[in-house]
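Okay, so here's the structure we're looking at.
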Amino acid sequence: MVTTAIEGRSLGQIAWTRLRRDRLALGGAVVIVVLVLAAVLAPLLTKITGGSPTDFHQDLVDPTFSKPKGDGVFAGFSWDHPLGVEPRSGRDVFSRILYGAQISLLIGFLATLLSVTLGTVLGVVAGYMGGWVDTLISRTMDVFLAFPLLLFALALAGVIPDKAFGLSGNALRIAVLVFIIGFFNWPYVGRIIRGQTLSLREREFVDASRSLGARGFHVVFRELLPNLVAPVLVYATLMIPTNILFEAALSFLGVGIRPPTPSWGKMLADAVPFYSVAPMYMVVPGLAIFLTVMAFNLLGDGLRDALDPRAR
Amino acid sequence: MRRKTLVVGVVLALGISACSSGGDKDTKTGTAEFNAADSKIVNASDKKGGTLNLALSDDWDSIDPGNTYYAFSWNFARLYGRSLTMFKPAPGKDGLELVPDLATGLGTVSDGGKTVTYKLRPNVRYEDGTVVTAKDVKNAVARTYARDVLPNGPSYFVELLDAPGYQGPYKNPDLNAFTGVQTPDDSTVVFKLKAPFGDFDFLVSAPQTMPVPQAKDTGAKYQEHPLSTGSYKVDSYEPGKQFVLSRNPNWDTSDPNRRQLVDKIDVKLKTSAEDIDNRLLAGSLDADVAGSGVQAAAQSKILSDPKLKANADNTFTGRLWFFVMDEKVAPFDNIECRKAVQYATDKVSLQTAYGGPIAGGDIATTMLPPTIVGYQKFDLYATPDNKGDVTKAKAALTACGKPDGFSTSILLRADRPKEVAAGEALQQALSKVNIKAEIKSVPAGQYFTRFAGAPEYMKTNNIGIAFHGWQADWPTGFGFLQQLVDGRTIKAQGNTNVQEMDDPAINALFDKAAGSTDAKEREAIYGQIDKAAMERASVVPFLYGKGLLYRNPAMTNVFIDYSYGMYNYTLLGKQ
């Protein structure tokens, strides 16, 4: 008879077991993996279908109505153009969606990284130090939260010159969008982290560490941060879709990426005048945004359930 | 010199009412068929009564005739005001002809062209019964000097009339201080010009010469109730809501340019363009005042249904879409490089980007559109089917010393989807001859103040190519071309001669036209200017703008006014 010792399981192991049981979250994760792969492999995939995102195929467009030639909702769909062609120009929608995914995911990830980093650092400092530092950081957060972000983004993106900070063209646009979206969203993370830190720093293990002579630096990085990984991870996953939507909104309003580089928000904006004659052109980027945002949200929810200590 | 066209979203609607039998009247004028109102009066009728239900997706800048600058507004103002001259209310090219309105005849020129005299028609009265005098016209022109009070209208009179330092009638109520217009008696208006100006009769067709009695002139508040001399008077104007006009009881019935058929004209404001289309199709509206064409959805409904199509017109809007190459920005300082772009441009793909032959327009090869006085047909840079000629473009590139192509930037307005699409199409066409163009999109609101209209900006940012669109204040070659190609109009801000074309020979032709008193001679000169400007190869016209307008079959006496590129409003009735 073999006796199996009852092993203690780490938080990570528990979370992984829980996550594996959550079909929705796994589904979300799969969609995200597929999306990232598709975005990274866009040049390869579009080579197979043969469509470049910027080549015009105006022979496929009805000149009178500017819509793809053919009848029915799926006019313009073919093996060469699996998701149809764009009205007016006849550009391949499939490849524009793939290349658009690059932009959307890149900006979504980078902006989230920026705001989560800023939010975590400042949140921990505020929560741990307390006193006037906390007051200063907390009031700053209040100011940022009260900021009319969309209006500011519109104004800033409109006046950015061609070359700045050693960047030019679309690289600069992407940097500006990442900055606007990331820099103004950190207080949302910061407030949560500050609250968590406030409750953590009173816990016994922190007291124990301090009584053993640990300094602030050690306490923050060795004792507090590891315990903050769970909320940071959950919040980051939930922030990515919000940021993707914000990028789409900015592109929709015309201050996003420069044409002819595709972006989902811009595609939606372009589709507005054609929604009645070429509805699929609006549905496709709309679905892409919808799927991405939902996948991230499902994964984020699943992560939260898996990592939440109270649900253990 | 840019009369604005109201462009909201994509395109606007001019509509239809129910499917009542529209064209069953057997008259010598036209019955309802596609494009009928472009050349004939559709549904000619003397029937009185009814209400004309109109709508506008936006609002007037002002209904004060002295403070408005929209094409539709100038067209509509003729219902409640009479300027010295006006465009003949007639279909086709006849509509480009000037006829006297408040005056008894066109201007009498003397003093070598520096004095222009008009005699007023007797017995023209305001809606309250008082008689119109020459002083009222003088006051109307004097008001245009008060830019701080009435900022919207054009400033031609300020620029042309000989009245140094005059500040307008609000700072100094004594009209005698205004020397630009003199009134020797109650029925004579004399304009004193700094220099001869051949198209002066066209200038006084603007609503800025509609009489405004000084006693009733309340400055910026005058728009609350402008006194009518036309066939209709303003009942109420609520900004953003409604504009209602009714018959003017004191209208001079001998007026040959207007009729008074419907009882009431009701314009609903700030109605969404989409909504306007739907209501027109449902029959609760007669027309969209803006007159720039229906939206894509309505367009496909109309064109695919022969019954609806019979009530539609596809007309020139008088607008030209083009792009320019800045002659001061390398490599476009070399004419051969400009020619390379002329030949490389695929005008068909630009046309498709703008909505195709119906909603977009006809492919352009000249700067003057066909509905402008002075238009001559020619094509200096013809390519097979207008689709571009790579061989000729490459030859020009070699002649320019850039056989391997070059890089440049295309400037356009971000909030104009058609322009962005056209920019992308141009980028594609240029890439075929190794011209690498990067698109730079900027806000339309500051396009001419900060970007394309600022030569300094063009140079520092190395912008070689800029998109442009133009509509004239009055439909002659002078009105259309002067601000575009006269080198003396180049300015540091608000510059519309974006290509910075400054050719002494062209400038001299403008002076020759201004000094000429012979309309035929002027017309020939305008054609010469067009050709000379095209020879410099820095302007690439690609589209004579067109719109699909819809006329309600219940409306009578409908026709397109070529001078405004939309339906005429002064003769309309209801069945």
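Letters A, B, ... go to the chains of the structure tokens in the order shown; residues in each chain start at 1; ligands are counted from 1 in the same order.
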**OP:** Would you mind listing what lies within 7 Å of B:Val433 as a PyMOL selection string, with only C-alpha atoms counted and same-chain residues fewer than 5 positions away left out?
**Re:** chain B and resi 390+394+405
**OP:** Show me which bits of chain B are within 6 Å of chain A, counting only C-alpha atoms, as a ChimeraX atom specification.
**Re:** /B:297,352-353,355-356
Subject >> Selection near A:Gly195, 9 Å with only C-alpha atoms, sequence-local residues under 3 positions removed, as a PyMOL selection string >> reply: chain A and resi 123-124+127+190-192+198-200
Same residues, C-alpha atoms, output as a PDB file, in the first residue's frame:
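Output below, filename part-v4.pdb:
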```pdb
ATOM      1  CA  GLY A 123       0.607  52.450  -6.024  1.00  0.00           C
ATOM      2  CA  VAL A 124       3.076  50.460  -3.921  1.00  0.00           C
ATOM      3  CA  GLY A 127       0.562  52.551   0.007  1.00  0.00           C
ATOM      4  CA  GLY A 190      -2.506  52.548  -8.998  1.00  0.00           C
ATOM      5  CA  ARG A 191      -5.549  52.888  -6.778  1.00  0.00           C
ATOM      6  CA  ILE A 192      -6.103  49.151  -6.558  1.00  0.00           C
ATOM      7  CA  LEU A 198      -2.226  49.312   2.596  1.00  0.00           C
ATOM      8  CA  SER A 199      -3.790  46.087   3.799  1.00  0.00           C
ATOM      9  CA  LEU A 200      -0.688  43.957   3.119  1.00  0.00           C
TER      10      LEU A 200
END
```
**OP:** Using only C-alpha atoms, pick whichever of B:Met210, B:Val420, B:Val181, B:Ala524 has the shortest atom-to-atom distance to B:Ala444.
**Re:**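 When distances to B:Ala444 are compared using only C-alpha atoms, the smallest one comes from B:Val420.
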**OP:** as JSON, numbers by chain, please: all residues of stretch 78-216 of chain A that backbone DSSP puts in helix (DSSP H, G or I).
**Re:** {"A": [93, 94, 95, 96, 97, 98, 99, 100, 101, 102, 103, 104, 105, 106, 107, 108, 109, 110, 111, 112, 113, 114, 115, 116, 117, 118, 119, 120, 121, 122, 123, 124, 125, 126, 127, 128, 129, 131, 132, 133, 134, 135, 136, 137, 138, 139, 140, 141, 142, 143, 144, 145, 149, 150, 151, 152, 153, 154, 155, 156, 157, 158, 159, 169, 170, 171, 172, 173, 174, 175, 176, 177, 178, 179, 180, 181, 182, 183, 186, 187, 188, 189, 190, 191, 192, 193, 194, 195, 196, 197, 198, 199, 200, 204, 205, 206, 207, 208, 209, 210, 211, 216]}
Could you build a table of the residues in stretch 278-333 of chain B lying no more than 10 Å from stretch 254-270 of chain B, giving for each the nearest pair of atoms and their separation in Å rounded to one decimal place, using only C-alpha atoms, ordered by chain and ascending residue number, as a Markdown table?
```
| residue | atom | partner | partner_atom | distance |
| --- | --- | --- | --- | --- |
| B:Leu285 | CA | B:Lys268 | CA | 9.5 |
| B:Asp286 | CA | B:Val267 | CA | 10.0 |
| B:Ala287 | CA | B:Val267 | CA | 9.4 |
| B:Asp288 | CA | B:Val267 | CA | 8.8 |
| B:Val289 | CA | B:Val267 | CA | 8.0 |
```
**OP:** Kindly indicate which residue among A:Ala214, A:Gly300, A:Met280, A:Thr46 lies nearest to A:Gly72, using only C-alpha atoms for the distances.
**Re:**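 Checking each candidate against A:Gly72, we get A:Met280 as the closest.
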Original post:
Separation of atom CA of B:Ala296 and atom CA of A:Pro279, in Å?
Top reply: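 One can read the atom CA of B:Ala296 to atom CA of A:Pro279 distance as 12.3 Å.
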Original post:
Of the candidates A:Leu228, A:Ala171, A:Leu37, A:Ser78, which shows the shortest atom-to-atom distance to A:Ile257, using only C-alpha atoms?
Top reply: A:Ala171
**OP:** Tell me, in Å to one decimal, how far atom CA of A:Ala295 is from atom CA of A:Met141.
**Re:**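 Atom CA of A:Met141 lies at a distance of 29.2 Å from atom CA of A:Ala295.
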Original post:
Which residues come within 10 Å of A:Val293, counting only C-alpha atoms, excluding same-chain residues fewer than 5 positions away, as a ChimeraX atom specification?
Top reply: /A:28,32,238-245,287-288,298
Emit the selected residues as a PDB file, in the first residue's frame, including N, CA and C atoms.
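And here is the file that came out, out-v3.pdb:
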```
ATOM      1  N   GLY A  28     -11.090  31.759 -24.233  1.00  0.00           N
ATOM      2  CA  GLY A  28     -10.560  33.102 -24.430  1.00  0.00           C
ATOM      3  C   GLY A  28      -9.069  33.068 -24.704  1.00  0.00           C
ATOM      4  N   ILE A  32      -6.953  34.269 -28.014  1.00  0.00           N
ATOM      5  CA  ILE A  32      -5.869  35.250 -27.939  1.00  0.00           C
ATOM      6  C   ILE A  32      -4.601  34.708 -28.585  1.00  0.00           C
ATOM      7  N   LEU A 238      -7.621  42.618 -18.031  1.00  0.00           N
ATOM      8  CA  LEU A 238      -8.882  43.316 -18.275  1.00  0.00           C
ATOM      9  C   LEU A 238      -8.658  44.681 -18.913  1.00  0.00           C
ATOM     10  N   MET A 239      -7.446  45.190 -18.800  1.00  0.00           N
ATOM     11  CA  MET A 239      -7.165  46.520 -19.348  1.00  0.00           C
ATOM     12  C   MET A 239      -6.850  46.466 -20.829  1.00  0.00           C
ATOM     13  N   ILE A 240      -6.248  45.351 -21.260  1.00  0.00           N
ATOM     14  CA  ILE A 240      -5.873  45.237 -22.668  1.00  0.00           C
ATOM     15  C   ILE A 240      -7.074  45.487 -23.591  1.00  0.00           C
ATOM     16  N   PRO A 241      -8.214  44.808 -23.367  1.00  0.00           N
ATOM     17  CA  PRO A 241      -9.341  45.062 -24.269  1.00  0.00           C
ATOM     18  C   PRO A 241      -9.819  46.504 -24.214  1.00  0.00           C
ATOM     19  N   THR A 242      -9.809  47.118 -23.032  1.00  0.00           N
ATOM     20  CA  THR A 242     -10.220  48.521 -22.946  1.00  0.00           C
ATOM     21  C   THR A 242      -9.298  49.383 -23.799  1.00  0.00           C
ATOM     22  N   ASN A 243      -8.020  49.089 -23.732  1.00  0.00           N
ATOM     23  CA  ASN A 243      -7.070  49.883 -24.504  1.00  0.00           C
ATOM     24  C   ASN A 243      -7.212  49.638 -25.996  1.00  0.00           C
ATOM     25  N   ILE A 244      -7.508  48.396 -26.362  1.00  0.00           N
ATOM     26  CA  ILE A 244      -7.735  48.108 -27.782  1.00  0.00           C
ATOM     27  C   ILE A 244      -8.935  48.911 -28.270  1.00  0.00           C
ATOM     28  N   LEU A 245      -9.974  48.950 -27.454  1.00  0.00           N
ATOM     29  CA  LEU A 245     -11.161  49.720 -27.826  1.00  0.00           C
ATOM     30  C   LEU A 245     -10.833  51.204 -27.925  1.00  0.00           C
ATOM     31  N   LEU A 287     -16.553  42.493 -35.839  1.00  0.00           N
ATOM     32  CA  LEU A 287     -16.424  41.167 -35.234  1.00  0.00           C
ATOM     33  C   LEU A 287     -15.019  40.963 -34.671  1.00  0.00           C
ATOM     34  N   ALA A 288     -14.013  41.430 -35.414  1.00  0.00           N
ATOM     35  CA  ALA A 288     -12.634  41.261 -34.960  1.00  0.00           C
ATOM     36  C   ALA A 288     -12.440  41.946 -33.612  1.00  0.00           C
ATOM     37  N   LEU A 298     -12.929  37.331 -21.034  1.00  0.00           N
ATOM     38  CA  LEU A 298     -13.189  35.992 -20.484  1.00  0.00           C
ATOM     39  C   LEU A 298     -11.957  35.484 -19.742  1.00  0.00           C
TER      40      LEU A 298
END
```
For B:Ala382: contacts at 12 Å, only C-alpha atoms, fewer than 5 positions along chain excluded, given as a PDB file with C-alpha atoms, in the first residue's frame:
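Contents of the output file result_34.pdb:
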```pdb
ATOM      1  CA  LYS B 339       4.779  66.158 -65.547  1.00  0.00           C
ATOM      2  CA  GLN B 342       0.577  64.278 -64.274  1.00  0.00           C
ATOM      3  CA  TYR B 343       1.176  61.175 -66.378  1.00  0.00           C
ATOM      4  CA  ALA B 344       1.403  58.696 -63.511  1.00  0.00           C
ATOM      5  CA  THR B 345      -1.948  59.727 -62.013  1.00  0.00           C
ATOM      6  CA  ASP B 346      -4.749  57.202 -62.517  1.00  0.00           C
ATOM      7  CA  LYS B 347      -7.755  59.513 -62.611  1.00  0.00           C
ATOM      8  CA  ILE B 363     -13.071  63.020 -64.961  1.00  0.00           C
ATOM      9  CA  ALA B 364     -11.513  66.463 -65.248  1.00  0.00           C
ATOM     10  CA  THR B 365      -8.720  67.578 -67.553  1.00  0.00           C
ATOM     11  CA  THR B 366      -9.075  71.356 -67.146  1.00  0.00           C
ATOM     12  CA  LYS B 387      -5.732  55.527 -66.223  1.00  0.00           C
ATOM     13  CA  GLY B 388      -2.198  56.866 -66.273  1.00  0.00           C
ATOM     14  CA  ASP B 389       0.728  56.211 -68.563  1.00  0.00           C
ATOM     15  CA  LYS B 392       5.429  58.693 -70.360  1.00  0.00           C
ATOM     16  CA  ALA B 393       5.757  59.208 -66.613  1.00  0.00           C
ATOM     17  CA  VAL B 540      -3.810  68.017 -61.526  1.00  0.00           C
ATOM     18  CA  PHE B 542      -9.227  64.989 -61.681  1.00  0.00           C
TER      19      PHE B 542
END
```
As a CSV table (one decimal) with N, CA and C atoms, in the first residue's frame, please: the residues near A:Tyr99 (cut-off 12 Å, only C-alpha atoms, same-chain neighbours under 2 positions excluded).
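The file below, part-v9.csv, is the result:
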```csv
chain,number,residue,atom,x,y,z
A,35,LEU,N,-5.0,34.8,-32.3
A,35,LEU,CA,-4.9,36.2,-32.7
A,35,LEU,C,-3.5,36.7,-32.8
A,36,VAL,N,-2.7,36.4,-31.7
A,36,VAL,CA,-1.3,36.9,-31.7
A,36,VAL,C,-0.5,36.2,-32.8
A,37,LEU,N,-0.8,34.9,-32.9
A,37,LEU,CA,-0.1,34.1,-34.0
A,37,LEU,C,-0.4,34.7,-35.4
A,38,ALA,N,-1.7,35.0,-35.6
A,38,ALA,CA,-2.2,35.5,-36.9
A,38,ALA,C,-1.5,36.9,-37.1
A,39,ALA,N,-1.5,37.7,-36.1
A,39,ALA,CA,-0.9,39.0,-36.3
A,39,ALA,C,0.6,38.9,-36.6
A,40,VAL,N,1.3,38.0,-35.9
A,40,VAL,CA,2.7,37.9,-36.1
A,40,VAL,C,3.0,37.3,-37.4
A,41,LEU,N,2.2,36.3,-37.8
A,41,LEU,CA,2.4,35.7,-39.1
A,41,LEU,C,1.7,36.3,-40.3
A,42,ALA,N,1.2,37.5,-40.1
A,42,ALA,CA,0.4,38.2,-41.1
A,42,ALA,C,1.1,38.2,-42.5
A,43,PRO,N,2.3,38.5,-42.6
A,43,PRO,CA,3.0,38.5,-43.9
A,43,PRO,C,2.9,37.1,-44.5
A,44,LEU,N,3.1,36.1,-43.7
A,44,LEU,CA,3.1,34.7,-44.3
A,44,LEU,C,1.7,34.4,-44.7
A,45,LEU,N,0.7,34.6,-43.8
A,45,LEU,CA,-0.7,34.2,-44.1
A,45,LEU,C,-1.2,34.9,-45.4
A,46,THR,N,-0.9,36.2,-45.5
A,46,THR,CA,-1.4,36.9,-46.6
A,46,THR,C,-0.7,36.5,-47.9
A,51,GLY,N,-3.1,38.4,-50.9
A,51,GLY,CA,-3.5,39.8,-50.9
A,51,GLY,C,-2.6,40.6,-50.1
A,52,SER,N,-2.1,41.8,-50.6
A,52,SER,CA,-1.4,42.7,-49.8
A,52,SER,C,-2.4,43.7,-49.2
A,53,PRO,N,-2.2,44.2,-48.0
A,53,PRO,CA,-3.2,45.1,-47.4
A,53,PRO,C,-3.3,46.4,-48.1
A,54,THR,N,-2.4,46.8,-49.0
A,54,THR,CA,-2.5,48.1,-49.6
A,54,THR,C,-2.7,48.1,-51.1
A,92,ASP,N,-7.9,44.1,-50.1
A,92,ASP,CA,-8.3,42.8,-49.5
A,92,ASP,C,-8.6,43.0,-48.0
A,93,VAL,N,-9.8,42.7,-47.6
A,93,VAL,CA,-10.2,42.9,-46.2
A,93,VAL,C,-9.5,41.9,-45.3
A,94,PHE,N,-9.3,40.7,-45.7
A,94,PHE,CA,-8.6,39.7,-44.9
A,94,PHE,C,-7.2,40.1,-44.4
A,95,SER,N,-6.5,40.6,-45.4
A,95,SER,CA,-5.1,41.0,-45.0
A,95,SER,C,-5.1,42.3,-44.2
A,96,ARG,N,-6.1,43.1,-44.5
A,96,ARG,CA,-6.2,44.4,-43.7
A,96,ARG,C,-6.5,44.0,-42.2
A,97,ILE,N,-7.4,43.0,-42.0
A,97,ILE,CA,-7.7,42.6,-40.7
A,97,ILE,C,-6.5,42.1,-40.0
A,101,ALA,N,-4.6,43.7,-36.9
A,101,ALA,CA,-4.5,43.1,-35.6
A,101,ALA,C,-3.1,43.4,-35.0
A,102,GLN,N,-2.1,43.5,-35.8
A,102,GLN,CA,-0.8,43.9,-35.3
A,102,GLN,C,-0.8,45.2,-34.6
A,103,ILE,N,-1.4,46.2,-35.2
A,103,ILE,CA,-1.5,47.5,-34.6
A,103,ILE,C,-2.3,47.5,-33.3
A,104,SER,N,-3.5,46.8,-33.4
A,104,SER,CA,-4.4,46.8,-32.3
A,104,SER,C,-3.7,46.1,-31.1
A,105,LEU,N,-3.2,44.9,-31.3
A,105,LEU,CA,-2.6,44.2,-30.2
A,105,LEU,C,-1.3,44.9,-29.7
A,106,LEU,N,-0.5,45.4,-30.6
A,106,LEU,CA,0.7,46.1,-30.2
A,106,LEU,C,0.4,47.2,-29.3
A,260,PRO,N,-1.8,54.4,-45.5
A,260,PRO,CA,-2.8,53.3,-45.8
A,260,PRO,C,-2.6,52.1,-44.8
A,261,THR,N,-1.8,52.3,-43.7
A,261,THR,CA,-1.7,51.2,-42.7
A,261,THR,C,-3.0,50.9,-42.1
A,262,PRO,N,-3.4,49.7,-42.1
A,262,PRO,CA,-4.8,49.4,-41.7
A,262,PRO,C,-4.9,49.4,-40.2
A,263,SER,N,-6.0,49.7,-39.7
A,263,SER,CA,-6.3,49.6,-38.3
A,263,SER,C,-7.8,49.3,-38.1
A,264,TRP,N,-8.2,48.5,-37.1
A,264,TRP,CA,-9.6,48.1,-37.0
A,264,TRP,C,-10.6,49.3,-36.9
A,267,MET,N,-11.0,51.0,-40.1
A,267,MET,CA,-11.8,50.3,-41.0
A,267,MET,C,-13.3,50.5,-40.7
A,285,PRO,N,-14.6,44.0,-39.4
A,285,PRO,CA,-13.7,44.6,-38.3
A,285,PRO,C,-14.4,44.7,-37.0
A,288,ALA,N,-14.0,41.4,-35.4
A,288,ALA,CA,-12.6,41.3,-35.0
A,288,ALA,C,-12.4,41.9,-33.6
```
